[in-house]
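Here is the structure we will look at, set down as structure tokens.
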2 protein chains.
Amino acid sequence: IDTAMTPKITGELLRLLRQTMRNCKYFSEPIQAYIIPSGDAHQSEYIAPCDCRREFICGFNGSAGTAIVTEQHAAMWTDGRYFLQASQQMDNNWTLMKMGLKETPSQEDWLISVLPENSKVGVDPWIIAADQWKNMSKALTSAGHSLVAVQENLIDAVWADRPERPSTQLRTLGLEYTGLSWQDKITTLRAKMTERKITWFVATALDEIAWLFNLRGSDIEYNPVFFAYAIVGLNTIRLFVDLKRLTDPALRDHLQLDSPSKPELSIQTFPYESVYTELQAICTALGPKDKVWICDKASCALTQVIPKAHRTPIPYTPLCLAKAVKNSTEIQGMRMAHIKDAVALCELFAWLEKEIPKGTVTEISAADKAEELRSQQKDFVGLSFPTISSVGPNGAIIHYRPLPETNRTLTMNEVYLIDSGAQYIDGTTDVTRTMHFGTPSAFEKECFTYVLKGHISVSAAVFPNGTKGHLLDSFARAALWESGLDYLHGTGHGVGCFLNVHEGPCGISYKTFADEPLEAGMIVSDEPGYYEDGSFGIRLENVVLVVPAKPKYNYRNRGSLTFDPLTLVPIQVKMMSTELLTQKERDWVNEYHRKCREVVGAELERQGRKEALEWLIRETQPIV
Amino acid sequence: IDTAMTPKITGELLRLLRQTMRNCKYFSEPIQAYIIPSGDAHQSEYIAPCDCRREFICGFNGSAGTAIVTEQHAAMWTDGRYFLQASQQMDNNWTLMKMGLKETPSQEDWLISVLPENSKVGVDPWIIAADQWKNMSKALTSAGHSLVAVQENLIDAVWADRPERPSTQLRTLGLEYTGLSWQDKITTLRAKMTERKITWFVATALDEIAWLFNLRGSDIEYNPVFFAYAIVGLNTIRLFVDLKRLTDPALRDHLQLDSPSKPELSIQTFPYESVYTELQAICTALGPKDKVWICDKASCALTQVIPKAHRTPIPYTPLCLAKAVKNSTEIQGMRMAHIKDAVALCELFAWLEKEIPKGTVTEISAADKAEELRSQQKDFVGLSFPTISSVGPNGAIIHYRPLPETNRTLTMNEVYLIDSGAQYIDGTTDVTRTMHFGTPSAFEKECFTYVLKGHISVSAAVFPNGTKGHLLDSFARAALWESGLDYLHGTGHGVGCFLNVHEGPCGISYKTFADEPLEAGMIVSDEPGYYEDGSFGIRLENVVLVVPAKPKYNYRNRGSLTFDPLTLVPIQVKMMSTELLTQKERDWVNEYHRKCREVVGAELERQGRKEALEWLIRETQPIV
């Protein structure tokens, strides 16, 4: 059950938390501040209910945010997507810190400004990433304070009815979905380790572990992952997972637990919790030249087990990079998933057109209908994130999720924005369309057209091999900027294949400087927007595949890349001020719509979904 | 005298250097590698002859490059601007390391790959910046090696006839040029120090010191600076400079050396060399809370004098930031300087048109003519960098400088590129034009037009306040990328006002991630290019002023910015494939040319330079 869009009452909770901060049961000396990051011990973006500690303490349930509680203050930092939502979900005990605004202090600067001299700032070392720990610790130390690792989580200490950690059934994926066996993935990983003279690799990100072993779970809503760690040596594989999950014979066979083909491909299994002591044991036995790879975003707790001389922190692991470049089986799966997804959305929009005039469709019922239609498609597993179904002013709340008390009715008078996606066994989808079922205002059309221009500018961009995604971000904004408009979020994120809908190491954002260059086979989203607070929101999102481009010339033989849209859902022509589009942009729209009609039309025909097909044909007529 | 474009013979020099590397006179144990960065103790980009150590050892005389010598190898890293030049200037003892290419190892990685275990790598701590030291030291340490500070410079030890350090006459600048007295600049600096609880500021960059005291020198060719350090406390000012330079009564009066108005504005002067011991003395007397600001690009030697607990390294100093935002007096001066500069260039181009058919104009004589014409303008001081005057294939050498043995004759058959600028007392200029005096090929025109599109795309861009320059870099490349082309340098750099032609902290480059946001009053260059190795080079460069823009809307009241070109020299229409330009781009060209005609035309008229005026009027006819 979601926290509502009304503030959570936190006075008593904060009193209890501050009590634990002074309680010497937890540490030798009281702490003056306690940091509550979002995220779990795997630094997951989406987290299980038992890990929603930041939400529990402040009420804000967006995907990104960090709370800090001192004796006197309680403050919560989040980014532009969540300013409105956070201000509605938190009570007066909390100060909202709007990240990205010039006047907003960083967490470090704020702590230094409010703390008494020589303060101790506590944090759970399993929840904070090693790189964040390092930065925070450095800043606090230079101001005379110190950052201390509090082994027992203080939120858990005051959280009476905290849920259990989930342990759902595991699903094995065959070669027809993955294109590559887990044995081959291990071999490739070891080749990279050998090349860089690395003897051990510690995997902590849940999607990397799921990808590596060709397994999926459902421990975390929307993300088909399971709680686990893995430690890969040059001759050994250790998997840390709730052992009760490994009883299924098919699963044991998939992992070759009972009869490994080769000794170096034999998986040793350990209980989930024993990763700490097992890594300690490995580290005790390290040779003088042994090096351990661990992501610098892994937990501080696990990172610090590895002696500094043996630790080689990396911004992105080799698994993260390998996972980002989809093989041809995965690409084929992603294409199929997006066609099925488009079928469901065409049906949804045709249905909405019929139903909205009756006044019976709400944000929630539309989202439910979208889920129902998707669930009729083959190999549907679930949604890939909570559907953002928003009408009028709710559309301006960037990561809005309809709740009974905010639920608006879809009408002919307001803009409707739906950002939704699903997990299919063959792929993950994420698509946003913005529509008007009556007559949009001139300003709404103008803004939509600028957003469309930005979307096309990225999607049609040709750029050299080796280009990082952040260099493309401004293309999405140029048309908005020219009219003095902008949006306060990045333009795109990596998308997993039947995995997390947000994944690294590439993306398209003004914020991402450590991103890896785009490569053919990578899959990212292209989703510029415009949000008019209190009035409407616009976003246009396609998932796009990085593909080789063949421009006229080939400077220094570098080769060029461009994007091929996997998402094939019509973009509403009614919302466009076509006179603001250049001929090239009109050509792009027409070619895109031609492809939607051809590819999705064939599938609608095959599935016998006539009304949706009629809608598709009407919505994909060429513009002039 | 310049090193020629033929390789320097370095076998004997390297033998001598390697001898010093084994010589225990310089250190307790031999070193296995020695790093020779370009730059001086102030991390200047342009350096005095006595500081050209990297050039001395390897022969390559470009502005950027680092040489590393080991017992077995000698390698030199430089960027795309210099690949050709470096390969021509270095002999077979040297390996050219092409930075920016995927296969090129970093200096650290290369060292680690070639060094025997447990090696010592030496470097002069005055020449290496503190941040570079830190990164290099960390990488070497983690691989079992160590970076050691070698107090005596080993190049100087083998450099028999090394020149003296210059000590030229100092020039004082009055308020009519600076708009702000040095006393006011000190007061503003102290206000920023107080705000950030800083008690001392160490200035090491020569242009910052020149700007702070409203003084100019000519110690370094092209850059009107002088060798000095400054240490500013909340009540004291220490200036470190060759004391012989401070005898002129007008200069003493300017600095109020004999009768300071207030004690806290009294300047104490010290010999240049005593900065080390004086900073040591200050640091010995620091209170427990005292903090010292020093740029993280300052020398390792000086940085490490400050105890770590008191050291507050900053990526850009407050002087660097203050200097970058020009006040109205400086802006007016820069406008005037650019009009005078345009007069000289219009004359040059009119002259070239007449002279080239005679076959008597060479790259060198054209550059000399440009200098002569500039020197006729009021308040001319000298050039702001070596003129790049290049014909045909020489144009593809990005930072080419004509030499007797490379000197080509300007003809009607090849593209001519001239990148030049001057120092006037009221401002600094930097302009590039690419022209053809006969009939350009279709490919030359096509490339020129893509470069022009990129130039316009940046120059006409509207973007929100707070935008960093690197977000605009891709605008300059989009048209080239679309055809598979690119250029391997940044798009723009900050420009000083009668100061260095390259200055921080802002710029327009895919490489600059630590740049500061653009602000109204900042001045940068806009200079995309295209280089066809062995054939021709194209670059179009204007110096542009950041100004407020007034688009239709004003999202979140952030305000918008755009650029106003200060450079007013016609762009050759003959080189444009006008059919590739959009109507908006054609309008931009026509409006730019109208302004050139109006503003520069009036000045040509006033100066009675008829032929140039006729040329200007012809070259600025509207295109359709």
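Scheme for the structure tokens: letters A, B, ... for chains in order shown; per-chain residue numbers from 1; ligand numbers from 1 in order shown.
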
* May I have the residues within 6 Å of region 237-252 of chain A as JSON, numbers by chain, using only C-alpha atoms and disregarding those fewer than 5 positions away in the same chain? => {"A": [228, 229, 230, 231, 232, 257, 267, 268, 269, 270, 271, 272]}

* Return as an MDAnalysis selection string the residues belonging to chain B that are within 8 Å of chain A, counting only C-alpha atoms. => chainID B and resid 142 309 461:464 471:475 478 481:486 510 513 550:555 559:560

May I have the selected residues written with N, CA, C and O atoms, as an mmCIF file, in the first residue's frame?
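The resulting file, out-v4.cif, is shown below:
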```cif
data_model
loop_
_atom_site.group_PDB
_atom_site.id
_atom_site.type_symbol
_atom_site.label_atom_id
_atom_site.label_comp_id
_atom_site.auth_asym_id
_atom_site.auth_seq_id
_atom_site.Cartn_x
_atom_site.Cartn_y
_atom_site.Cartn_z
ATOM 1 N N SER B 142 49.477 2.484 -6.485
ATOM 2 C CA SER B 142 48.617 1.295 -6.489
ATOM 3 C C SER B 142 49.227 0.182 -7.336
ATOM 4 O O SER B 142 48.801 -0.964 -7.263
ATOM 5 N N ALA B 309 45.753 20.070 6.721
ATOM 6 C CA ALA B 309 44.603 20.467 7.535
ATOM 7 C C ALA B 309 44.186 21.909 7.259
ATOM 8 O O ALA B 309 43.053 22.301 7.541
ATOM 9 N N ALA B 461 22.735 30.111 -30.292
ATOM 10 C CA ALA B 461 22.055 29.291 -29.286
ATOM 11 C C ALA B 461 21.494 30.162 -28.163
ATOM 12 O O ALA B 461 22.126 31.117 -27.734
ATOM 13 N N VAL B 462 20.302 29.821 -27.714
ATOM 14 C CA VAL B 462 19.718 30.426 -26.514
ATOM 15 C C VAL B 462 19.705 29.319 -25.478
ATOM 16 O O VAL B 462 19.356 28.176 -25.793
ATOM 17 N N PHE B 463 20.132 29.625 -24.265
ATOM 18 C CA PHE B 463 20.244 28.570 -23.245
ATOM 19 C C PHE B 463 20.021 29.190 -21.873
ATOM 20 O O PHE B 463 20.202 30.385 -21.681
ATOM 21 N N PRO B 464 19.595 28.357 -20.903
ATOM 22 C CA PRO B 464 19.256 28.930 -19.594
ATOM 23 C C PRO B 464 20.497 29.406 -18.841
ATOM 24 O O PRO B 464 21.579 28.836 -18.989
ATOM 25 N N LEU B 471 27.963 21.921 -22.486
ATOM 26 C CA LEU B 471 26.678 21.444 -22.990
ATOM 27 C C LEU B 471 26.376 21.991 -24.384
ATOM 28 O O LEU B 471 25.452 21.541 -25.045
ATOM 29 N N LEU B 472 27.147 22.995 -24.826
ATOM 30 C CA LEU B 472 26.904 23.580 -26.143
ATOM 31 C C LEU B 472 27.825 22.991 -27.216
ATOM 32 O O LEU B 472 27.651 23.236 -28.399
ATOM 33 N N ASP B 473 28.816 22.210 -26.775
ATOM 34 C CA ASP B 473 29.831 21.737 -27.719
ATOM 35 C C ASP B 473 29.238 20.942 -28.883
ATOM 36 O O ASP B 473 29.632 21.125 -30.039
ATOM 37 N N SER B 474 28.285 20.077 -28.604
ATOM 38 C CA SER B 474 27.731 19.225 -29.673
ATOM 39 C C SER B 474 26.975 20.035 -30.721
ATOM 40 O O SER B 474 26.842 19.584 -31.868
ATOM 41 N N PHE B 475 26.450 21.205 -30.338
ATOM 42 C CA PHE B 475 25.777 22.047 -31.335
ATOM 43 C C PHE B 475 26.735 22.353 -32.493
ATOM 44 O O PHE B 475 26.322 22.424 -33.646
ATOM 45 N N ALA B 478 27.037 18.980 -34.797
ATOM 46 C CA ALA B 478 25.902 18.199 -35.302
ATOM 47 C C ALA B 478 25.911 18.096 -36.832
ATOM 48 O O ALA B 478 25.719 17.007 -37.385
ATOM 49 N N TRP B 481 28.817 15.852 -37.928
ATOM 50 C CA TRP B 481 28.518 14.466 -37.553
ATOM 51 C C TRP B 481 27.543 13.820 -38.526
ATOM 52 O O TRP B 481 27.683 12.649 -38.895
ATOM 53 N N GLU B 482 26.526 14.597 -38.909
ATOM 54 C CA GLU B 482 25.497 14.053 -39.786
ATOM 55 C C GLU B 482 26.101 13.533 -41.087
ATOM 56 O O GLU B 482 25.560 12.626 -41.722
ATOM 57 N N SER B 483 27.231 14.112 -41.492
ATOM 58 C CA SER B 483 27.901 13.641 -42.709
ATOM 59 C C SER B 483 29.112 12.771 -42.402
ATOM 60 O O SER B 483 29.941 12.537 -43.274
ATOM 61 N N GLY B 484 29.247 12.350 -41.154
ATOM 62 C CA GLY B 484 30.356 11.470 -40.798
ATOM 63 C C GLY B 484 31.659 12.203 -40.538
ATOM 64 O O GLY B 484 32.717 11.579 -40.485
ATOM 65 N N LEU B 485 31.613 13.525 -40.371
ATOM 66 C CA LEU B 485 32.831 14.322 -40.149
ATOM 67 C C LEU B 485 32.900 14.821 -38.708
ATOM 68 O O LEU B 485 31.936 14.746 -37.958
ATOM 69 N N ASP B 486 34.060 15.353 -38.318
ATOM 70 C CA ASP B 486 34.251 15.840 -36.944
ATOM 71 C C ASP B 486 35.560 16.619 -36.896
ATOM 72 O O ASP B 486 36.290 16.675 -37.902
ATOM 73 N N TYR B 510 33.884 19.338 -25.387
ATOM 74 C CA TYR B 510 33.414 18.032 -24.920
ATOM 75 C C TYR B 510 34.305 17.509 -23.806
ATOM 76 O O TYR B 510 33.947 16.603 -23.079
ATOM 77 N N PHE B 513 34.783 19.186 -18.113
ATOM 78 C CA PHE B 513 33.651 18.864 -17.267
ATOM 79 C C PHE B 513 33.634 19.714 -16.011
ATOM 80 O O PHE B 513 32.637 19.814 -15.341
ATOM 81 N N LYS B 550 16.226 37.288 -24.497
ATOM 82 C CA LYS B 550 14.847 37.491 -24.052
ATOM 83 C C LYS B 550 13.908 36.645 -24.897
ATOM 84 O O LYS B 550 13.178 37.152 -25.739
ATOM 85 N N PRO B 551 13.926 35.310 -24.670
ATOM 86 C CA PRO B 551 12.992 34.493 -25.445
ATOM 87 C C PRO B 551 11.556 34.714 -24.970
ATOM 88 O O PRO B 551 11.312 35.409 -23.982
ATOM 89 N N LYS B 552 10.627 34.104 -25.711
ATOM 90 C CA LYS B 552 9.184 34.242 -25.461
ATOM 91 C C LYS B 552 8.793 33.940 -24.009
ATOM 92 O O LYS B 552 7.992 34.633 -23.410
ATOM 93 N N TYR B 553 9.333 32.838 -23.469
ATOM 94 C CA TYR B 553 8.960 32.424 -22.115
ATOM 95 C C TYR B 553 10.177 32.499 -21.190
ATOM 96 O O TYR B 553 11.301 32.719 -21.636
ATOM 97 N N ASN B 554 9.925 32.332 -19.898
ATOM 98 C CA ASN B 554 11.006 32.423 -18.920
ATOM 99 C C ASN B 554 10.780 31.377 -17.834
ATOM 100 O O ASN B 554 10.316 31.677 -16.739
ATOM 101 N N TYR B 555 11.088 30.108 -18.178
ATOM 102 C CA TYR B 555 10.808 28.958 -17.300
ATOM 103 C C TYR B 555 11.464 29.119 -15.927
ATOM 104 O O TYR B 555 12.670 29.342 -15.847
ATOM 105 N N GLY B 559 15.864 32.920 -16.492
ATOM 106 C CA GLY B 559 16.534 33.815 -17.435
ATOM 107 C C GLY B 559 17.317 33.017 -18.462
ATOM 108 O O GLY B 559 17.676 31.869 -18.230
ATOM 109 N N SER B 560 17.575 33.643 -19.604
ATOM 110 C CA SER B 560 18.285 32.971 -20.692
ATOM 111 C C SER B 560 19.474 33.805 -21.150
ATOM 112 O O SER B 560 19.536 35.005 -20.896
#
```

* To do: Using DSSP on the backbone coordinates, identify the residues of region 94-335 of chain A assigned to alpha helix (DSSP H); present them as a ChimeraX atom specification.
  => /A:107-114,130-142,154-158,175-178,182-195,206-213,249-254,275-284,300-303,318-324,328-335

* Any idea what's packed within 12 Å of region 20-26 of chain B, counting only C-alpha atoms, ignoring anything in its chain fewer than 4 positions away? Could you give it as JSON, numbers by chain? -> {"B": [13, 14, 15, 16, 30, 31, 32, 33, 34, 35, 69, 70, 71, 120, 121, 122, 123, 124, 148, 149, 150, 151, 152, 153, 154, 155, 156, 157, 158, 159]}

* **Distance query Gln169 (chain A) at most 9 Å, only C-alpha atoms, self and fewer than 2 positions along chain excluded, as a PyMOL selection string** => chain A and resi 167+171+216-219+226+245

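In this structure, CA of Gly179 (chain B) sits 11.1 Å away from CA of Asp426 (chain B).
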
* Asked: What is the CA of Val305 (chain A)-CA of Thr236 (chain A) distance in Å, reported with one decimal?
  -> 19.3 Å

* **Contacts of Gly492 (chain B) within 9 Å, only C-alpha atoms, excl. fewer than 4 positions in-chain, as a PyMOL selection string** => chain B and resi 469+473+506-509+524-528+541+543

Residue subset to file, keeping all heavy atoms, as a tab-separated table (two decimals), in the first residue's frame:
```
chain	number	residue	atom	x	y	z
B	469	GLY	N	29.34	25.61	-20.45
B	469	GLY	CA	29.71	25.69	-21.86
B	469	GLY	C	29.81	24.33	-22.54
B	469	GLY	O	29.49	24.20	-23.72
B	473	ASP	N	28.82	22.21	-26.77
B	473	ASP	CA	29.83	21.74	-27.72
B	473	ASP	C	29.24	20.94	-28.88
B	473	ASP	O	29.63	21.13	-30.04
B	473	ASP	CB	30.87	20.89	-26.97
B	473	ASP	CG	31.98	20.43	-27.89
B	473	ASP	OD1	32.83	21.26	-28.24
B	473	ASP	OD2	31.97	19.25	-28.29
B	506	CYS	N	35.76	29.06	-18.10
B	506	CYS	CA	34.67	28.59	-18.94
B	506	CYS	C	35.19	28.34	-20.35
B	506	CYS	O	36.26	28.84	-20.72
B	506	CYS	CB	33.52	29.58	-18.95
B	506	CYS	SG	34.02	31.23	-19.44
B	507	GLY	N	34.48	27.59	-21.08
B	507	GLY	CA	34.87	27.24	-22.44
B	507	GLY	C	33.75	26.41	-23.03
B	507	GLY	O	32.73	26.17	-22.38
B	508	ILE	N	33.95	25.97	-24.25
B	508	ILE	CA	32.94	25.15	-24.92
B	508	ILE	C	33.68	23.93	-25.46
B	508	ILE	O	34.31	24.00	-26.51
B	508	ILE	CB	32.26	25.92	-26.07
B	508	ILE	CG1	31.62	27.21	-25.54
B	508	ILE	CG2	31.21	25.05	-26.75
B	508	ILE	CD1	31.05	28.11	-26.61
B	509	SER	N	33.65	22.83	-24.70
B	509	SER	CA	34.40	21.67	-25.13
B	509	SER	C	33.80	20.40	-24.59
B	509	SER	O	33.28	20.37	-23.48
B	509	SER	CB	35.85	21.77	-24.64
B	509	SER	OG	36.53	20.57	-24.92
B	524	VAL	N	34.05	34.18	-24.76
B	524	VAL	CA	34.64	32.92	-25.22
B	524	VAL	C	34.79	32.94	-26.73
B	524	VAL	O	34.23	33.80	-27.41
B	524	VAL	CB	33.76	31.70	-24.80
B	524	VAL	CG1	33.68	31.56	-23.30
B	524	VAL	CG2	32.37	31.80	-25.41
B	525	SER	N	35.52	31.97	-27.25
B	525	SER	CA	35.61	31.84	-28.70
B	525	SER	C	34.62	30.77	-29.17
B	525	SER	O	34.19	29.93	-28.39
B	525	SER	CB	37.03	31.48	-29.13
B	525	SER	OG	37.33	30.15	-28.75
B	526	ASP	N	34.26	30.84	-30.44
B	526	ASP	CA	33.36	29.86	-31.07
B	526	ASP	C	34.08	29.47	-32.36
B	526	ASP	O	34.11	30.24	-33.30
B	526	ASP	CB	32.01	30.55	-31.35
B	526	ASP	CG	31.09	29.71	-32.25
B	526	ASP	OD1	31.38	28.51	-32.46
B	526	ASP	OD2	30.08	30.26	-32.74
B	527	GLU	N	34.73	28.29	-32.34
B	527	GLU	CA	35.62	27.97	-33.46
B	527	GLU	C	35.62	26.51	-33.89
B	527	GLU	O	36.62	25.81	-33.73
B	527	GLU	CB	37.06	28.39	-33.13
B	527	GLU	CG	37.55	28.03	-31.74
B	527	GLU	CD	39.02	28.46	-31.52
B	527	GLU	OE1	39.84	28.30	-32.44
B	527	GLU	OE2	39.32	28.92	-30.41
B	528	PRO	N	34.51	26.06	-34.46
B	528	PRO	CA	34.53	24.71	-35.03
B	528	PRO	C	35.41	24.67	-36.28
B	528	PRO	O	35.76	25.72	-36.83
B	528	PRO	CB	33.07	24.46	-35.39
B	528	PRO	CG	32.46	25.80	-35.53
B	528	PRO	CD	33.22	26.72	-34.64
B	541	GLU	N	36.30	31.20	-36.65
B	541	GLU	CA	36.34	31.57	-35.24
B	541	GLU	C	35.95	33.01	-35.02
B	541	GLU	O	36.56	33.93	-35.58
B	541	GLU	CB	37.76	31.37	-34.69
B	541	GLU	CG	37.90	31.85	-33.25
B	541	GLU	CD	39.34	31.79	-32.75
B	541	GLU	OE1	40.26	31.89	-33.57
B	541	GLU	OE2	39.52	31.66	-31.53
B	543	VAL	N	35.20	35.64	-31.59
B	543	VAL	CA	35.13	35.83	-30.14
B	543	VAL	C	33.74	36.38	-29.85
B	543	VAL	O	33.27	37.29	-30.54
B	543	VAL	CB	36.24	36.79	-29.67
B	543	VAL	CG1	36.02	37.18	-28.22
B	543	VAL	CG2	37.60	36.12	-29.84
```

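Distances from A:Cys346, A:Ile418, A:Ala298, A:Leu215 to Trp133 (chain A) were compared using only C-alpha atoms, and the smallest one belongs to A:Ala298.
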
* Would you kindly return, as a ChimeraX atom specification, each protein, DNA or RNA residue with an atom no farther than 7 Å from any atom of Phe448 (chain A), considering only C-alpha atoms and excluding same-chain residues fewer than 5 positions away? => /A:538,575-576

* To do: Within 10 Å of Gly233 (chain B), counting only C-alpha atoms, which residues show up once you throw out same-chain ones fewer than 2 positions away? Write them as number ranges by chain, please.
  => B: 186, 189-190, 193, 198-202, 230-231, 235-238, 264, 282, 292

Write the residues of the preceding selection, restricted to N, CA, C and O atoms, as an mmCIF file, in the first residue's frame.
```cif
data_model
loop_
_atom_site.group_PDB
_atom_site.id
_atom_site.type_symbol
_atom_site.label_atom_id
_atom_site.label_comp_id
_atom_site.auth_asym_id
_atom_site.auth_seq_id
_atom_site.Cartn_x
_atom_site.Cartn_y
_atom_site.Cartn_z
ATOM 1 N N ILE B 186 41.013 43.658 -4.541
ATOM 2 C CA ILE B 186 41.460 43.033 -3.285
ATOM 3 C C ILE B 186 40.293 42.969 -2.293
ATOM 4 O O ILE B 186 40.064 41.933 -1.635
ATOM 5 N N LEU B 189 37.913 40.277 -3.276
ATOM 6 C CA LEU B 189 38.524 38.978 -2.977
ATOM 7 C C LEU B 189 38.413 38.660 -1.488
ATOM 8 O O LEU B 189 38.025 37.552 -1.097
ATOM 9 N N ARG B 190 38.712 39.667 -0.652
ATOM 10 C CA ARG B 190 38.646 39.429 0.798
ATOM 11 C C ARG B 190 37.222 39.144 1.255
ATOM 12 O O ARG B 190 37.009 38.342 2.176
ATOM 13 N N MET B 193 36.720 35.621 0.630
ATOM 14 C CA MET B 193 37.481 34.832 1.607
ATOM 15 C C MET B 193 36.722 34.778 2.925
ATOM 16 O O MET B 193 36.553 33.704 3.520
ATOM 17 N N ILE B 198 38.022 31.806 4.869
ATOM 18 C CA ILE B 198 39.379 31.582 4.377
ATOM 19 C C ILE B 198 40.247 32.733 4.888
ATOM 20 O O ILE B 198 39.822 33.897 4.842
ATOM 21 N N THR B 199 41.439 32.437 5.397
ATOM 22 C CA THR B 199 42.287 33.518 5.923
ATOM 23 C C THR B 199 43.421 33.908 4.981
ATOM 24 O O THR B 199 43.952 35.013 5.089
ATOM 25 N N TRP B 200 43.812 33.022 4.077
ATOM 26 C CA TRP B 200 44.890 33.321 3.146
ATOM 27 C C TRP B 200 44.545 32.829 1.759
ATOM 28 O O TRP B 200 43.909 31.792 1.601
ATOM 29 N N PHE B 201 45.035 33.585 0.769
ATOM 30 C CA PHE B 201 44.862 33.137 -0.608
ATOM 31 C C PHE B 201 46.206 33.247 -1.317
ATOM 32 O O PHE B 201 46.857 34.296 -1.288
ATOM 33 N N VAL B 202 46.631 32.144 -1.945
ATOM 34 C CA VAL B 202 47.903 32.120 -2.657
ATOM 35 C C VAL B 202 47.611 32.173 -4.162
ATOM 36 O O VAL B 202 46.976 31.268 -4.700
ATOM 37 N N ALA B 230 51.544 36.056 -5.540
ATOM 38 C CA ALA B 230 50.955 36.966 -4.557
ATOM 39 C C ALA B 230 50.315 36.135 -3.464
ATOM 40 O O ALA B 230 49.780 35.049 -3.724
ATOM 41 N N ILE B 231 50.426 36.625 -2.231
ATOM 42 C CA ILE B 231 49.723 35.986 -1.118
ATOM 43 C C ILE B 231 48.893 37.075 -0.444
ATOM 44 O O ILE B 231 49.434 38.085 0.019
ATOM 45 N N ASN B 235 44.460 41.077 6.048
ATOM 46 C CA ASN B 235 44.979 42.419 6.336
ATOM 47 C C ASN B 235 46.301 42.724 5.652
ATOM 48 O O ASN B 235 46.840 43.817 5.843
ATOM 49 N N THR B 236 46.828 41.756 4.932
ATOM 50 C CA THR B 236 48.137 41.976 4.309
ATOM 51 C C THR B 236 48.106 41.541 2.854
ATOM 52 O O THR B 236 47.276 40.725 2.452
ATOM 53 N N ILE B 237 49.030 42.127 2.081
ATOM 54 C CA ILE B 237 49.201 41.753 0.673
ATOM 55 C C ILE B 237 50.697 41.568 0.434
ATOM 56 O O ILE B 237 51.470 42.481 0.681
ATOM 57 N N ARG B 238 51.077 40.378 -0.014
ATOM 58 C CA ARG B 238 52.488 40.133 -0.328
ATOM 59 C C ARG B 238 52.620 39.907 -1.832
ATOM 60 O O ARG B 238 51.912 39.069 -2.389
ATOM 61 N N GLU B 264 45.688 47.920 5.465
ATOM 62 C CA GLU B 264 45.355 46.620 4.863
ATOM 63 C C GLU B 264 45.489 46.639 3.343
ATOM 64 O O GLU B 264 45.388 45.596 2.696
ATOM 65 N N ILE B 282 54.384 31.835 6.874
ATOM 66 C CA ILE B 282 52.955 32.083 7.118
ATOM 67 C C ILE B 282 52.304 30.827 7.673
ATOM 68 O O ILE B 282 51.533 30.868 8.631
ATOM 69 N N VAL B 292 43.749 28.067 4.000
ATOM 70 C CA VAL B 292 44.475 28.694 2.890
ATOM 71 C C VAL B 292 43.908 28.201 1.562
ATOM 72 O O VAL B 292 43.842 26.997 1.321
#
```

* Nearest to Tyr450 (chain A): which of A:Leu540, A:Leu265, A:Val501, A:Ile397 is it, counting only C-alpha atoms? -> A:Leu540

* Atom-to-atom span, CA of Ile388 (chain A) and CA of Glu371 (chain A), Å -> 11.8 Å
